[in-house]
file entry_16.cif (mmCIF, C-alpha atoms and all ligand atoms)
data_entry
#
loop_
_atom_site.label_atom_id
_atom_site.label_comp_id
_atom_site.auth_asym_id
_atom_site.auth_seq_id
_atom_site.Cartn_x
_atom_site.Cartn_y
_atom_site.Cartn_z
CA MET A 1 104.83 76.73 95.60
CA SER A 2 107.83 78.06 97.43
CA ARG A 3 108.40 80.68 100.05
CA ILE A 4 111.85 82.26 100.24
CA GLN A 5 112.91 83.93 103.45
CA LEU A 6 116.10 85.88 104.01
CA ARG A 7 117.00 86.49 107.65
CA ASN A 8 119.72 89.04 108.52
CA VAL A 9 121.65 88.03 105.42
CA GLU A 10 125.07 89.61 104.93
CA LYS A 11 127.71 89.32 102.25
CA THR A 12 131.29 90.57 102.29
CA PHE A 13 133.90 90.02 99.61
CA ALA A 14 137.42 90.03 101.09
CA ASP A 15 136.28 92.09 104.10
CA VAL A 16 134.42 94.57 101.88
CA PRO A 17 130.76 94.65 102.93
CA VAL A 18 128.38 94.39 99.99
CA LEU A 19 125.04 93.47 101.56
CA GLN A 20 123.93 93.92 105.15
CA ASN A 21 120.72 93.53 107.18
CA ILE A 22 118.84 91.82 104.36
CA ASN A 23 115.47 90.65 105.68
CA LEU A 24 112.95 89.67 103.06
CA ASP A 25 109.98 87.36 102.51
CA ILE A 26 109.17 86.27 98.98
CA ASP A 27 105.76 84.62 98.99
CA PRO A 28 104.80 81.53 96.99
CA GLY A 29 103.95 82.44 93.39
CA GLU A 30 105.33 85.95 93.79
CA PHE A 31 107.25 87.78 91.05
CA CYS A 32 109.92 89.59 93.03
CA VAL A 33 112.22 92.05 91.24
CA PHE A 34 115.53 93.34 92.65
CA ILE A 35 116.51 96.79 91.41
CA GLY A 36 118.97 99.45 92.52
CA PRO A 37 121.98 101.40 91.35
CA SER A 38 124.82 99.59 89.59
CA GLY A 39 126.98 97.58 91.98
CA CYS A 40 124.45 97.59 94.83
CA GLY A 41 124.45 93.79 95.11
CA LYS A 42 121.38 92.69 93.15
CA SER A 43 123.13 89.83 91.35
CA THR A 44 125.01 88.83 94.50
CA LEU A 45 121.71 88.50 96.39
CA LEU A 46 120.21 86.39 93.59
CA ARG A 47 123.32 84.21 93.41
CA MET A 48 123.14 83.60 97.16
CA ILE A 49 119.56 82.32 96.77
CA ALA A 50 120.79 80.11 93.91
CA GLY A 51 123.69 78.82 95.98
CA LEU A 52 126.32 80.20 93.60
CA GLU A 53 127.61 82.48 96.40
CA ASP A 54 127.73 81.72 100.11
CA ALA A 55 126.08 84.11 102.56
CA THR A 56 128.68 85.51 104.96
CA ASP A 57 126.04 85.60 107.70
CA GLY A 58 122.33 85.07 108.19
CA ASP A 59 119.93 82.40 106.89
CA ILE A 60 118.42 81.73 103.50
CA GLU A 61 115.32 79.56 103.76
CA ILE A 62 113.32 77.92 101.00
CA ASP A 63 110.04 76.46 102.21
CA GLY A 64 111.17 76.69 105.81
CA VAL A 65 114.44 74.80 105.21
CA VAL A 66 117.72 76.64 105.73
CA VAL A 67 119.58 76.07 102.47
CA ASN A 68 122.85 77.90 103.27
CA ASP A 69 124.83 74.67 103.11
CA LEU A 70 122.93 73.03 100.24
CA PRO A 71 124.55 72.99 96.78
CA PRO A 72 122.66 74.73 93.94
CA SER A 73 121.41 71.44 92.52
CA ALA A 74 119.71 70.52 95.81
CA ARG A 75 117.75 73.77 96.16
CA ASN A 76 115.13 73.07 93.46
CA VAL A 77 115.80 76.43 91.80
CA ALA A 78 116.58 77.21 88.15
CA MET A 79 118.55 80.21 87.00
CA VAL A 80 118.41 82.07 83.68
CA PHE A 81 121.50 84.14 82.91
CA GLN A 82 121.93 87.32 80.87
CA SER A 83 124.47 85.50 78.70
CA TYR A 84 122.02 82.64 77.86
CA ALA A 85 124.76 80.12 78.82
CA LEU A 86 123.79 77.66 76.06
CA TYR A 87 126.05 74.87 74.82
CA PRO A 88 126.98 75.96 71.28
CA HIS A 89 127.51 72.41 69.97
CA MET A 90 124.10 71.17 71.10
CA THR A 91 120.74 71.66 69.40
CA VAL A 92 117.89 73.52 71.08
CA TYR A 93 116.38 70.16 72.06
CA GLU A 94 119.67 68.90 73.50
CA ASN A 95 120.27 72.13 75.40
CA MET A 96 116.86 71.85 77.02
CA ALA A 97 117.18 68.12 77.68
CA PHE A 98 120.73 68.22 79.08
CA GLY A 99 119.93 69.02 82.71
CA LEU A 100 117.25 66.29 82.82
CA GLN A 101 119.65 63.74 81.32
CA GLN A 102 122.15 64.62 84.04
CA GLN A 103 119.43 63.91 86.59
CA LYS A 104 118.88 60.49 84.92
CA CYS A 105 115.32 61.37 83.99
CA ALA A 106 113.61 58.73 81.76
CA LYS A 107 113.74 59.44 78.03
CA PRO A 108 109.95 59.64 77.43
CA GLU A 109 109.63 62.05 80.36
CA ILE A 110 112.43 64.23 78.95
CA GLU A 111 110.71 64.19 75.55
CA ARG A 112 107.39 65.21 77.12
CA ARG A 113 108.85 68.04 79.20
CA VAL A 114 110.92 69.48 76.34
CA GLN A 115 107.90 69.37 74.01
CA ASP A 116 105.70 71.05 76.66
CA ALA A 117 108.25 73.81 77.30
CA SER A 118 108.87 74.42 73.61
CA ARG A 119 105.13 74.79 73.07
CA ILE A 120 104.84 77.33 75.91
CA LEU A 121 107.82 79.28 74.54
CA HIS A 122 106.91 78.93 70.83
CA LEU A 123 110.14 77.06 70.09
CA ASP A 124 108.44 74.05 68.44
CA GLY A 125 109.92 74.66 64.99
CA LEU A 126 113.44 75.36 66.23
CA LEU A 127 114.32 72.24 68.21
CA ASP A 128 116.91 70.96 65.69
CA ARG A 129 118.79 74.24 65.38
CA LYS A 130 122.07 75.11 67.05
CA PRO A 131 122.22 78.33 69.13
CA LYS A 132 124.23 80.19 66.48
CA ALA A 133 121.26 79.85 64.11
CA LEU A 134 118.93 81.61 66.56
CA SER A 135 118.20 85.26 67.26
CA GLY A 136 119.04 86.72 70.70
CA GLY A 137 115.40 86.51 71.74
CA GLN A 138 115.13 82.86 70.63
CA ARG A 139 118.34 81.98 72.52
CA GLN A 140 116.96 83.55 75.65
CA ARG A 141 113.75 81.55 75.23
CA VAL A 142 115.82 78.37 75.01
CA ALA A 143 117.59 79.37 78.23
CA ILE A 144 114.19 79.90 79.87
CA GLY A 145 113.03 76.57 78.40
CA ARG A 146 115.96 74.81 80.00
CA ALA A 147 114.78 76.22 83.32
CA ILE A 148 111.12 75.29 82.76
CA VAL A 149 111.76 71.61 81.95
CA ARG A 150 113.27 71.14 85.37
CA LYS A 151 109.96 72.20 87.00
CA PRO A 152 111.76 74.16 89.71
CA LYS A 153 110.00 75.68 92.70
CA VAL A 154 111.84 78.96 92.11
CA PHE A 155 112.98 80.67 88.89
CA LEU A 156 115.91 83.07 89.22
CA PHE A 157 116.51 85.53 86.36
CA ASP A 158 119.71 87.61 86.20
CA GLU A 159 119.05 90.48 83.78
CA PRO A 160 117.70 88.05 81.17
CA LEU A 161 116.73 90.73 78.64
CA SER A 162 119.70 93.07 78.73
CA ASN A 163 121.38 91.59 75.63
CA LEU A 164 118.27 92.11 73.52
CA ASP A 165 117.41 95.14 71.42
CA ALA A 166 114.60 97.45 72.53
CA ALA A 167 111.77 95.84 70.53
CA LEU A 168 112.76 92.31 71.50
CA ARG A 169 113.03 93.33 75.14
CA VAL A 170 109.42 94.45 75.14
CA ALA A 171 108.22 91.29 73.38
CA THR A 172 110.21 88.99 75.69
CA ARG A 173 109.06 90.93 78.75
CA VAL A 174 105.46 90.23 77.77
CA GLU A 175 106.38 86.54 77.26
CA ILE A 176 107.90 86.33 80.75
CA ALA A 177 104.78 87.89 82.28
CA ARG A 178 102.64 85.34 80.40
CA LEU A 179 104.94 82.55 81.54
CA HIS A 180 104.53 83.61 85.15
CA ARG A 181 100.75 83.55 84.78
CA GLU A 182 100.83 80.13 83.08
CA LEU A 183 103.24 78.58 85.57
CA GLY A 184 101.15 80.16 88.33
CA SER A 185 102.60 78.43 91.33
CA ALA A 186 106.31 79.06 90.67
CA SER A 187 108.00 81.94 92.47
CA MET A 188 110.20 84.16 90.35
CA VAL A 189 113.07 86.37 91.46
CA TYR A 190 114.36 88.72 88.81
CA VAL A 191 117.25 91.19 88.65
CA THR A 192 117.07 94.14 86.29
CA HIS A 193 118.33 97.67 85.68
CA ASP A 194 115.21 98.47 83.76
CA GLN A 195 112.51 100.29 85.66
CA VAL A 196 109.78 99.50 83.17
CA GLU A 197 110.57 95.79 83.51
CA ALA A 198 110.48 96.12 87.27
CA MET A 199 107.21 98.07 87.35
CA THR A 200 105.41 95.86 84.82
CA LEU A 201 106.57 92.41 85.91
CA ALA A 202 106.84 92.64 89.68
CA SER A 203 104.28 91.82 92.31
CA LYS A 204 107.01 92.94 94.71
CA ILE A 205 109.93 95.28 94.05
CA VAL A 206 112.97 95.19 96.33
CA LEU A 207 115.02 98.37 95.96
CA LEU A 208 118.57 98.15 97.27
CA ARG A 209 120.69 101.15 98.15
CA PRO A 210 123.93 102.11 99.86
CA ASP A 211 123.20 102.27 103.56
CA PRO A 212 125.32 104.70 105.62
CA ALA A 213 124.57 102.61 108.71
CA ALA A 214 125.87 99.51 106.94
CA HIS A 215 129.49 100.75 106.70
CA GLY A 216 129.63 100.74 102.92
CA GLY A 217 127.27 97.80 102.40
CA GLN A 218 123.83 97.99 100.88
CA SER A 219 120.49 97.25 102.43
CA ILE A 220 116.85 97.30 101.38
CA ALA A 221 115.54 100.84 100.88
CA GLN A 222 111.96 99.59 100.45
CA ALA A 223 110.20 96.39 99.43
CA GLY A 224 106.60 96.30 98.27
CA HIS A 225 104.14 96.42 95.41
CA PRO A 226 105.44 98.61 92.55
CA LEU A 227 102.58 101.09 92.98
CA GLU A 228 103.22 101.28 96.72
CA LEU A 229 106.80 102.37 95.99
CA TYR A 230 105.57 104.82 93.34
CA HIS A 231 102.79 106.38 95.41
CA HIS A 232 104.19 105.94 98.91
CA PRO A 233 108.00 105.95 98.72
CA ALA A 234 109.35 105.38 102.22
CA ASN A 235 112.15 107.88 101.76
CA GLN A 236 113.70 110.35 99.36
CA PHE A 237 116.04 107.74 97.84
CA VAL A 238 113.10 105.56 96.78
CA ALA A 239 111.15 108.60 95.57
CA GLY A 240 114.06 109.67 93.36
CA PHE A 241 114.79 106.18 92.05
CA ILE A 242 111.29 105.00 91.18
CA GLY A 243 109.68 106.88 88.29
CA SER A 244 111.24 108.20 85.12
CA PRO A 245 112.02 111.03 84.73
CA SER A 246 112.72 111.43 88.42
CA MET A 247 110.63 113.24 90.97
CA ASN A 248 111.38 116.98 91.43
CA PHE A 249 112.71 117.88 94.87
CA LEU A 250 112.07 121.34 96.28
CA PRO A 251 113.67 122.63 99.50
CA ALA A 252 111.04 124.24 101.72
CA ILE A 253 110.29 125.30 105.29
CA ALA A 254 107.34 123.75 107.11
CA THR A 255 104.93 126.29 108.54
CA THR A 256 102.05 124.20 109.95
CA LEU A 257 100.89 120.58 110.06
CA SER A 258 97.35 119.84 111.17
CA ASP A 259 94.41 117.76 110.02
CA HIS A 260 96.60 115.78 107.61
CA THR A 261 97.63 118.99 105.86
CA LEU A 262 101.12 120.39 105.83
CA GLU A 263 101.75 123.93 104.77
CA ALA A 264 105.25 124.93 103.73
CA LEU A 265 107.01 127.79 102.06
CA TRP A 266 108.87 126.96 98.88
CA ASN A 267 110.81 129.82 97.30
CA GLY A 268 108.66 132.19 99.36
CA SER A 269 105.38 130.74 98.05
CA PRO A 270 102.97 128.69 100.15
CA CYS A 271 102.54 125.02 99.18
CA VAL A 272 100.21 122.41 100.67
CA ALA A 273 100.58 118.62 101.00
CA HIS A 274 98.22 116.00 102.42
CA VAL A 275 100.47 114.07 104.80
CA GLU A 276 100.50 112.64 108.31
CA GLY A 277 103.30 112.69 110.85
CA SER A 278 105.14 115.15 112.96
CA VAL A 279 107.00 118.19 111.71
CA GLN A 280 107.79 121.31 113.69
CA PRO A 281 107.01 124.77 112.30
CA GLY A 282 110.24 126.19 110.90
CA GLU A 283 111.69 122.74 110.16
CA PRO A 284 113.39 122.37 106.79
CA VAL A 285 111.64 119.77 104.61
CA THR A 286 111.93 118.67 101.00
CA LEU A 287 108.79 118.66 98.89
CA GLY A 288 108.58 116.11 96.09
CA ILE A 289 106.43 116.27 92.98
CA ARG A 290 106.59 114.01 89.96
CA PRO A 291 106.82 115.63 86.50
CA GLU A 292 103.51 114.01 85.54
CA HIS A 293 101.76 115.67 88.49
CA VAL A 294 102.88 119.29 87.98
CA ARG A 295 99.81 121.04 86.56
CA VAL A 296 100.87 123.63 84.00
CA GLY A 297 98.56 126.37 82.72
CA GLU A 298 96.92 127.50 85.94
CA GLY A 299 97.84 128.16 89.54
CA PRO A 300 99.67 130.38 91.96
CA HIS A 301 103.27 129.74 90.84
CA ARG A 302 104.99 131.16 87.76
CA ALA A 303 108.08 130.04 85.90
CA GLN A 304 109.86 130.54 82.64
CA VAL A 305 110.32 127.69 80.16
CA THR A 306 114.06 127.13 79.61
CA HIS A 307 113.92 123.92 77.58
CA VAL A 308 111.32 121.69 75.90
CA GLU A 309 111.63 118.01 74.92
CA ARG A 310 108.86 116.94 72.54
CA LEU A 311 108.25 113.20 72.44
CA GLY A 312 105.14 113.27 70.26
CA GLU A 313 102.61 111.84 72.72
CA HIS A 314 103.71 114.36 75.38
CA SER A 315 106.47 116.87 76.09
CA TYR A 316 108.75 117.62 79.02
CA VAL A 317 109.16 121.29 79.88
CA TYR A 318 111.89 122.66 82.13
CA LEU A 319 110.51 125.45 84.31
CA SER A 320 112.89 127.93 85.86
CA VAL A 321 111.41 129.71 88.84
CA PRO A 322 112.33 133.40 89.17
CA GLN A 323 114.85 134.35 91.89
CA SER A 324 115.58 130.71 92.49
CA SER A 325 118.99 129.08 92.24
CA GLN A 326 117.33 125.66 92.22
CA LEU A 327 117.39 123.24 89.32
CA PRO A 328 114.55 123.77 86.88
CA LEU A 329 111.33 121.97 87.70
CA LEU A 330 110.44 119.30 85.15
CA ALA A 331 106.80 119.04 84.06
CA LYS A 332 105.13 116.57 81.72
CA VAL A 333 102.59 118.31 79.47
CA GLN A 334 100.33 117.48 76.54
CA ASP A 335 100.35 121.01 75.12
CA GLU A 336 102.60 121.11 72.02
CA ARG A 337 102.45 124.91 71.75
CA ILE A 338 104.59 125.59 74.82
CA ALA A 339 107.92 127.12 73.73
CA ILE A 340 111.22 128.21 75.27
CA GLY A 341 110.86 131.68 76.81
CA ASP A 342 107.16 131.32 77.68
CA THR A 343 106.19 132.33 81.20
CA LEU A 344 103.61 129.91 82.58
CA PRO A 345 101.51 129.56 85.72
CA PHE A 346 101.53 126.16 87.41
CA THR A 347 100.16 124.31 90.43
CA LEU A 348 101.60 121.65 92.72
CA PRO A 349 98.39 119.72 93.56
CA PRO A 350 98.38 119.01 97.32
CA GLU A 351 97.29 115.38 96.81
CA SER A 352 100.41 114.78 94.66
CA VAL A 353 103.01 116.51 96.84
CA HIS A 354 105.35 114.27 98.87
CA VAL A 355 107.15 115.56 101.97
CA PHE A 356 110.53 114.33 103.24
CA ARG A 357 112.10 115.22 106.56
CA ARG A 358 115.73 116.27 106.88
CA ASP A 359 116.77 112.63 107.44
CA GLY A 360 115.13 111.72 104.12
CA GLN A 361 112.19 109.80 105.65
CA ALA A 362 108.84 110.43 104.00
CA LEU A 363 105.77 111.63 105.86
CA ARG A 364 102.92 109.22 105.07
CA ARG A 365 100.61 110.67 102.44
CA SER A 366 96.96 110.83 103.42
CA VAL A 367 95.10 111.21 100.20
CA PRO A 368 91.30 111.16 100.22
CA ALA A 369 89.69 107.90 98.99
CA GLY A 370 89.94 107.65 95.21
CA GLY A 371 92.94 109.96 95.12
CA GLU A 372 95.93 108.79 93.13
CA ALA A 373 97.87 107.70 96.20
CA ASP A 374 95.25 105.08 96.99
CA VAL A 375 95.89 102.99 93.90
CA ALA A 376 98.47 100.77 95.60
CA GLN A 377 96.03 99.68 98.28
CA ARG A 378 93.49 98.76 95.63
CA SER A 379 95.93 96.60 93.69
CA PRO A 380 95.89 92.79 94.35
CA GLN A 381 98.03 91.72 96.19
CA ALA A 382 127.95 81.76 77.64
CA ALA A 383 130.90 80.51 78.69
CA PRO A 384 130.97 76.66 78.98
CA GLU A 385 131.67 77.04 82.71
CA VAL A 386 128.55 79.13 83.13
CA ALA A 387 126.63 76.63 80.99
CA ARG A 388 127.79 73.80 83.22
CA ARG A 389 126.69 75.59 86.38
CA ALA A 390 123.44 76.64 84.78
CA ALA A 391 122.74 73.05 83.79
CA SER A 392 123.14 71.98 87.39
CA LEU A 393 120.49 74.44 88.50
N1 LIG A 401 133.43 87.69 93.32
C1 LIG A 401 133.54 88.95 93.75
N2 LIG A 401 134.64 89.36 94.41
C2 LIG A 401 134.74 90.63 94.90
N3 LIG A 401 133.77 91.56 94.75
C3 LIG A 401 132.67 91.21 94.09
C4 LIG A 401 132.49 89.88 93.56
N4 LIG A 401 131.27 89.83 92.96
C5 LIG A 401 130.73 91.06 93.13
N5 LIG A 401 131.56 91.88 93.79
C6 LIG A 401 131.29 93.28 94.18
O1 LIG A 401 130.08 93.29 94.90
C7 LIG A 401 129.31 94.44 94.58
C8 LIG A 401 127.94 94.02 94.13
O2 LIG A 401 128.05 93.37 92.87
P1 LIG A 401 126.77 92.87 92.08
O3 LIG A 401 127.23 92.31 90.78
O4 LIG A 401 125.98 91.98 92.97
O5 LIG A 401 125.98 94.22 91.89
P2 LIG A 401 124.75 94.54 90.93
O6 LIG A 401 123.83 95.42 91.69
O7 LIG A 401 124.19 93.26 90.38
O8 LIG A 401 125.52 95.36 89.81
P3 LIG A 401 125.09 95.71 88.30
O9 LIG A 401 123.77 96.40 88.37
O10 LIG A 401 126.17 96.64 87.85
O11 LIG A 401 125.05 94.41 87.55
C9 LIG A 401 130.12 95.20 93.54
O12 LIG A 401 130.83 96.21 94.19
C10 LIG A 401 131.03 94.17 92.97
O13 LIG A 401 132.23 94.75 92.51
#
call {"tool": "encode", "arguments": {"input": "entry_16.cif", "output": "structure tokens"}}
result
Amino acid sequence: MSRIQLRNVEKTFADVPVLQNINLDIDPGEFCVFIGPSGCGKSTLLRMIAGLEDATDGDIEIDGVVVNDLPPSARNVAMVFQSYALYPHMTVYENMAFGLQQQKCAKPEIERRVQDASRILHLDGLLDRKPKALSGGQRQRVAIGRAIVRKPKVFLFDEPLSNLDAALRVATRVEIARLHRELGSASMVYVTHDQVEAMTLASKIVLLRPDPAAHGGQSIAQAGHPLELYHHPANQFVAGFIGSPSMNFLPAIATTLSDHTLEALWNGSPCVAHVEGSVQPGEPVTLGIRPEHVRVGEGPHRAQVTHVERLGEHSYVYLSVPQSSQLPLLAKVQDERIAIGDTLPFTLPPESVHVFRRDGQALRRSVPAGGEADVAQRSPQAAPEVARRAASL
């Protein structure tokens, strides 16, 4: 079991700040996923934990030991790359055994560990094949196998599924979740672009974003359980990033805030949200509502349908509000009869409305017990060069 702690970690490349003020605890056995917009430093952060990049400042600790100056091979971590990084001239068995041979592990022990890993990853029948005779998913399982045999304290995954097609991604995602359960004690840190991967695999999501206070670098927008970020985004950036399609944002003016209830005027119509905090009457705020929470078919607001996307199981309807220059409101509906040109009533349920102040910070939602915002609280808790480096991990 390993605890990873990042203390005031910073990274600059040739004087260009990439990451700043990174403070993070990854608990033993945790599945921690880094997400964020392209170029925000997810891979750089992972590579610093691996020891493949130096931190410009701050401390990286594994189990209480500062590892900044330790080489990758001394950190007891194993990394799985997007590119698989397998040796093409070696068999599956040899690829998995290579790192252990380098460590001068005894032959029977190597045999036992490779057999164990291949059983876990369903690679038993493929041990004599070369990588070119494997599918993308099988190659990635070999790359994971090479990590498992080393029995590391920490697994680091850098977008391991992004070279796979959609069906294989889903299957391999389920395999990785199973692996995490089976390996129980190992901590996993995982970089992805894919929100579904992040939401389904993570016990903790770390969302990175450009930070105006960090002079061009990125910092952590929010770290927490996936459902905490979904139900209680700390700010408008997190609210807009987590959830697909994105949350609708509606400019409004606060009128009153008392007894955990904010009233605001949006487009001249009163709206209510259950939130706590301080907002002055007359203050501009942004209301947020997810497409899946807009209730179409009843309510005080009316809008015209300008576009419909039918996905079979549900549809997305674009609602244009009269006399409003705002973007259409997106609503997720089950009703297949809704058509372009229809005028529909709709409600923004107070327990589902988020409120953001002008600086983007969210007011804490105060949903009655059993409301949807309470769910989070109830939840527990290659190139040969790359191959060479991967083998040393
Ligand atoms: N070796 C390097 N030298 C200079 N700049 C670098 C180097 N490696 C990364 N960068 C820059 O650091 C920033 C963060 O890169 P990084 O690959 O960590 O982002 P990312 O969030 O993983 O991106 P993506 O989602 O597109 O894979 C980018 O602007 C990138 O161009």
call {"tool": "residues_near_ligand", "arguments": {"input": "entry_16.cif", "ligand": "ligand LIG 401 (chain A)", "cutoff": "12 Å", "atoms": "all atoms listed in the file", "output": "PyMOL selection string"}}
result
chain A and resi 10-20+34-48+52-54+81-82+157-160+162+190-194+206-210+216-219
call {"tool": "residues_near_point", "arguments": {"input": "entry_16.cif", "point": "(105.3, 73.4, 78.3)", "cutoff": "10 Å", "atoms": "all atoms listed in the file", "output": "MDAnalysis selection string"}}
result
chainID A and resid 112:122 145 148:149 151 179 182:183
call {"tool": "residues_around", "arguments": {"input": "entry_16.cif", "residues": "stretch 326-330 of chain A", "least_positions_apart": "6", "cutoff": "9 Å", "atoms": "only C-alpha atoms", "output": "VMD selection string"}}
result
chain A and resid 245 to 251 290 to 292 294 303 305 to 306 316 to 320
call {"tool": "atom_distance", "arguments": {"input": "entry_16.cif", "atom1": "atom CA of A:Tyr93", "atom2": "atom CA of A:Gln140"}}
result
13.9 Å
call {"tool": "residues_around", "arguments": {"input": "entry_16.cif", "residues": "A:Lys132", "least_positions_apart": "3", "cutoff": "12 Å", "atoms": "all atoms listed in the file", "output": "list in words"}}
result
Tyr84, Leu86, Tyr87, Pro88, His89, Met90, Thr91, Val92, Leu126, Asp128, Arg129, Ser135, Gly136, Gln138, Arg139 and Ala382 of chain A
call {"tool": "residues_around", "arguments": {"input": "entry_16.cif", "residues": "A:Pro270", "least_positions_apart": "4", "cutoff": "10 Å", "atoms": "only C-alpha atoms", "output": "ChimeraX atom specification"}}
result
/A:252-255,263-266,300-301
call {"tool": "atom_distance", "arguments": {"input": "entry_16.cif", "atom1": "atom CA of A:Val308", "atom2": "atom CA of A:Ala339"}}
result
6.8 Å
call {"tool": "atom_distance", "arguments": {"input": "entry_16.cif", "atom1": "atom CA of A:Phe241", "atom2": "atom CA of A:Ala55"}}
result
26.9 Å
call {"tool": "residues_around", "arguments": {"input": "entry_16.cif", "residues": "A:Ser366", "least_positions_apart": "2", "cutoff": "7 Å", "atoms": "only C-alpha atoms", "output": "PDB file with C-alpha atoms, in the coordinates of the input"}}
result
ATOM      1  CA  HIS A 260      96.600 115.780 107.610  1.00  0.00           C
ATOM      2  CA  HIS A 274      98.220 116.000 102.420  1.00  0.00           C
ATOM      3  CA  VAL A 275     100.470 114.070 104.800  1.00  0.00           C
ATOM      4  CA  GLU A 276     100.500 112.640 108.310  1.00  0.00           C
ATOM      5  CA  ARG A 364     102.920 109.220 105.070  1.00  0.00           C
ATOM      6  CA  PRO A 368      91.300 111.160 100.220  1.00  0.00           C
TER       7      PRO A 368
END
call {"tool": "residues_around", "arguments": {"input": "entry_16.cif", "residues": "A:Arg310", "least_positions_apart": "5", "cutoff": "10 Å", "atoms": "all atoms listed in the file", "output": "list in words"}}
result
Ser315, Tyr316, Val317, Lys332, Val333, Gln334, Asp335, Glu336 and Ile338 of chain A
